[in-house]
Each structure stands twice: as C-alpha cells, then as structure tokens.
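A.B. asks: Structure file coords.cif, mmCIF, C-alpha atoms and all ligand atoms, is pasted below:
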```
data_run
#
loop_
_atom_site.group_PDB
_atom_site.id
_atom_site.type_symbol
_atom_site.label_atom_id
_atom_site.label_comp_id
_atom_site.auth_asym_id
_atom_site.auth_seq_id
_atom_site.Cartn_x
_atom_site.Cartn_y
_atom_site.Cartn_z
ATOM 1 C CA MET M 266 31.601 13.402 -30.332
ATOM 2 C CA PRO M 267 30.485 12.189 -26.978
ATOM 3 C CA ALA M 268 28.398 9.145 -27.249
ATOM 4 C CA THR M 269 25.078 9.768 -25.770
ATOM 5 C CA ASN M 270 25.040 7.736 -22.697
ATOM 6 C CA ARG M 271 21.853 6.081 -23.532
ATOM 7 C CA THR M 272 21.773 2.788 -21.859
ATOM 8 C CA ASN M 273 18.699 0.752 -21.710
ATOM 9 C CA ARG M 274 16.378 2.908 -19.829
ATOM 10 C CA PRO M 275 15.161 0.847 -16.946
ATOM 11 C CA THR M 276 11.478 0.399 -17.202
ATOM 12 C CA GLN M 277 9.817 2.004 -14.306
ATOM 13 C CA PRO M 278 9.140 -0.584 -11.680
ATOM 14 C CA ARG M 279 5.456 -0.835 -11.908
ATOM 15 C CA PRO M 280 3.758 -1.974 -8.756
ATOM 16 C CA ALA M 281 2.527 -5.416 -9.486
ATOM 17 C CA THR M 282 -0.902 -4.588 -8.362
ATOM 18 C CA ARG M 283 -3.440 -6.412 -10.334
ATOM 19 C CA THR M 284 -6.883 -4.990 -10.375
ATOM 20 C CA VAL M 285 -9.997 -6.936 -11.026
ATOM 21 C CA ALA M 286 -13.571 -5.871 -11.319
ATOM 22 C CA CYS M 287 -15.343 -5.916 -8.024
ATOM 23 C CA PRO M 288 -18.140 -8.493 -8.231
ATOM 24 C CA THR M 289 -20.455 -6.193 -6.330
ATOM 25 C CA CYS M 290 -19.978 -2.722 -7.739
ATOM 26 C CA GLY M 291 -17.925 -3.534 -10.805
ATOM 27 C CA GLY M 292 -15.289 -1.041 -9.816
ATOM 28 C CA PRO M 293 -11.609 -1.727 -9.786
ATOM 29 C CA SER M 294 -10.476 -3.702 -6.813
ATOM 30 C CA ILE M 295 -6.895 -4.443 -5.985
ATOM 31 C CA TYR M 296 -6.312 -8.109 -6.241
ATOM 32 C CA ASP M 297 -3.436 -8.294 -3.863
ATOM 33 C CA SER M 298 -2.722 -9.607 -0.424
ATOM 34 C CA SER M 299 -2.907 -6.025 0.776
ATOM 35 C CA ASN M 300 -6.569 -6.034 -0.050
ATOM 36 C CA ALA M 301 -8.225 -8.135 2.588
ATOM 37 C CA TRP M 302 -11.539 -7.906 0.788
ATOM 38 C CA ARG M 303 -10.388 -9.159 -2.566
ATOM 39 C CA PRO M 304 -11.822 -9.840 -4.980
ATOM 40 C CA PHE M 305 -14.080 -7.107 -3.666
ATOM 41 C CA CYS M 306 -12.912 -3.523 -3.614
ATOM 42 C CA SER M 307 -13.936 -2.859 -0.059
ATOM 43 C CA GLN M 308 -15.408 -4.389 3.020
ATOM 44 C CA ARG M 309 -18.720 -2.848 2.168
ATOM 45 C CA CYS M 310 -18.920 -4.581 -1.176
ATOM 46 C CA ARG M 311 -17.998 -7.814 0.455
ATOM 47 C CA GLN M 312 -20.711 -7.418 3.044
ATOM 48 C CA ILE M 313 -23.216 -6.658 0.348
ATOM 49 C CA ASP M 314 -22.277 -9.817 -1.457
ATOM 50 C CA LEU M 315 -22.523 -11.871 1.692
ATOM 51 C CA GLY M 316 -25.902 -10.344 2.358
ATOM 52 C CA ALA M 317 -27.049 -11.353 -1.073
ATOM 53 C CA TRP M 318 -26.012 -14.882 -0.333
ATOM 54 C CA ALA M 319 -27.867 -14.854 2.956
ATOM 55 C CA HIS M 320 -30.992 -13.675 1.177
ATOM 56 C CA GLU M 321 -30.636 -16.525 -1.219
ATOM 57 C CA ASP M 322 -31.851 -18.729 1.620
ATOM 58 C CA PHE M 323 -30.356 -21.955 0.693
ATOM 59 C CA ARG M 324 -33.063 -24.369 1.488
ATOM 60 C CA LEU M 325 -33.377 -27.893 0.378
ATOM 61 C CA PRO M 326 -36.671 -29.170 -0.885
ATOM 62 C CA GLY M 327 -38.638 -30.614 1.989
ATOM 63 C CA GLU M 328 -37.670 -34.178 1.821
ATOM 64 C CA ASN M 329 -39.599 -35.957 4.483
ATOM 65 C CA PRO M 330 -37.716 -39.009 5.533
ATOM 66 C CA PRO M 331 -40.027 -41.876 6.274
ATOM 67 C CA THR M 332 -40.270 -42.072 10.019
ATOM 68 C CA ALA M 333 -42.049 -45.385 9.883
ATOM 69 C CA VAL M 334 -39.598 -48.053 10.829
ATOM 70 C CA PRO M 335 -39.999 -51.017 8.528
ATOM 71 C CA GLY M 336 -39.787 -54.549 9.739
ATOM 72 C CA GLN M 337 -41.360 -53.810 13.108
ATOM 73 C CA GLY M 338 -44.773 -55.030 12.059
ATOM 74 C CA ASP M 339 -46.026 -58.603 12.151
ATOM 75 C CA ALA M 340 -43.231 -60.874 11.201
HETATM 76 ZN ZN ZN Z 401 -16.933 -2.807 -4.961
#
```
Show the structure stored in the file as structure tokens.
C.D. replies:
Amino acid sequence: MPATNRTNRPTQPRPATRTVACPTCGGPSIYDSSNAWRPFCSQRCRQIDLGAWAHEDFRLPGENPPTAVPGQGDA
C-alpha cells in the first residue's frame, strides 16, 4: 500500500497586500508601498481629500495684537 505522499501542503503564498478602506470613497485601497496614494485608493481620492482640507480654510480667530507700544508715554 503506497503511502499517500501527502506532506504538509504548502499554504499558497498570499500576497501580503493589506487593504484598508479608502477615507474618501470607502473602497478598498491597497495599503502597501506600491500604492503611492495610500491610504487612499487612487490619486483622485487623495486629491479630493486634499481639496476638502483646503475648503476647510484653516483660519485662526482674528486676534488683534495690541499695536500700542506700552511704556512710551509719559514716564
Ligand atoms: Zn477611494
């Protein structure tokens, strides 16, 4: 009886590509160095996100610094 030559079947080498959800479209994006736009899925999604940031218009509350120089009055 020939022993079935059943060695440990090597698990198929899965590409270690990790996918994450694209912050813009929610689709799968490859989180790997091959994806220059990670964590976004594409350049387009990245641009969209950057555009959103630009629209956010980061402005500080108008804080008027006192231009009056103290100590230059009558001493
Ligand atoms: Zn996307």
A.B. asks: Work out how far apart CA of Ser294 in chain M and atom ZN of ligand ZN 401 (chain Z) are and give it in Å to one decimal.
C.D. replies: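 These atoms are spaced 6.8 Å apart.
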A.B. asks: Compute the set of protein, DNA and RNA residues whose minimum atom distance to ligand ZN 401 (chain Z) is at most 8 Å, using all atoms listed in the file, and state it as number ranges by chain.
C.D. replies: M: 286-294, 305-307, 309-311
A.B. asks: Could you work out how far CA of Ile295 in chain M lies from CA of Ala281 in chain M, giving the answer in Å with one decimal?
C.D. replies: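 If I compute the distance from CA of Ala281 in chain M to CA of Ile295 in chain M, I get 10.1 Å.
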A.B. asks: Calculate how many Å separate CA of Arg303 in chain M from CA of Thr282 in chain M, rounding to one decimal.
C.D. replies: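 Computing the Euclidean distance for CA of Arg303 in chain M and CA of Thr282 in chain M yields 12.0 Å.
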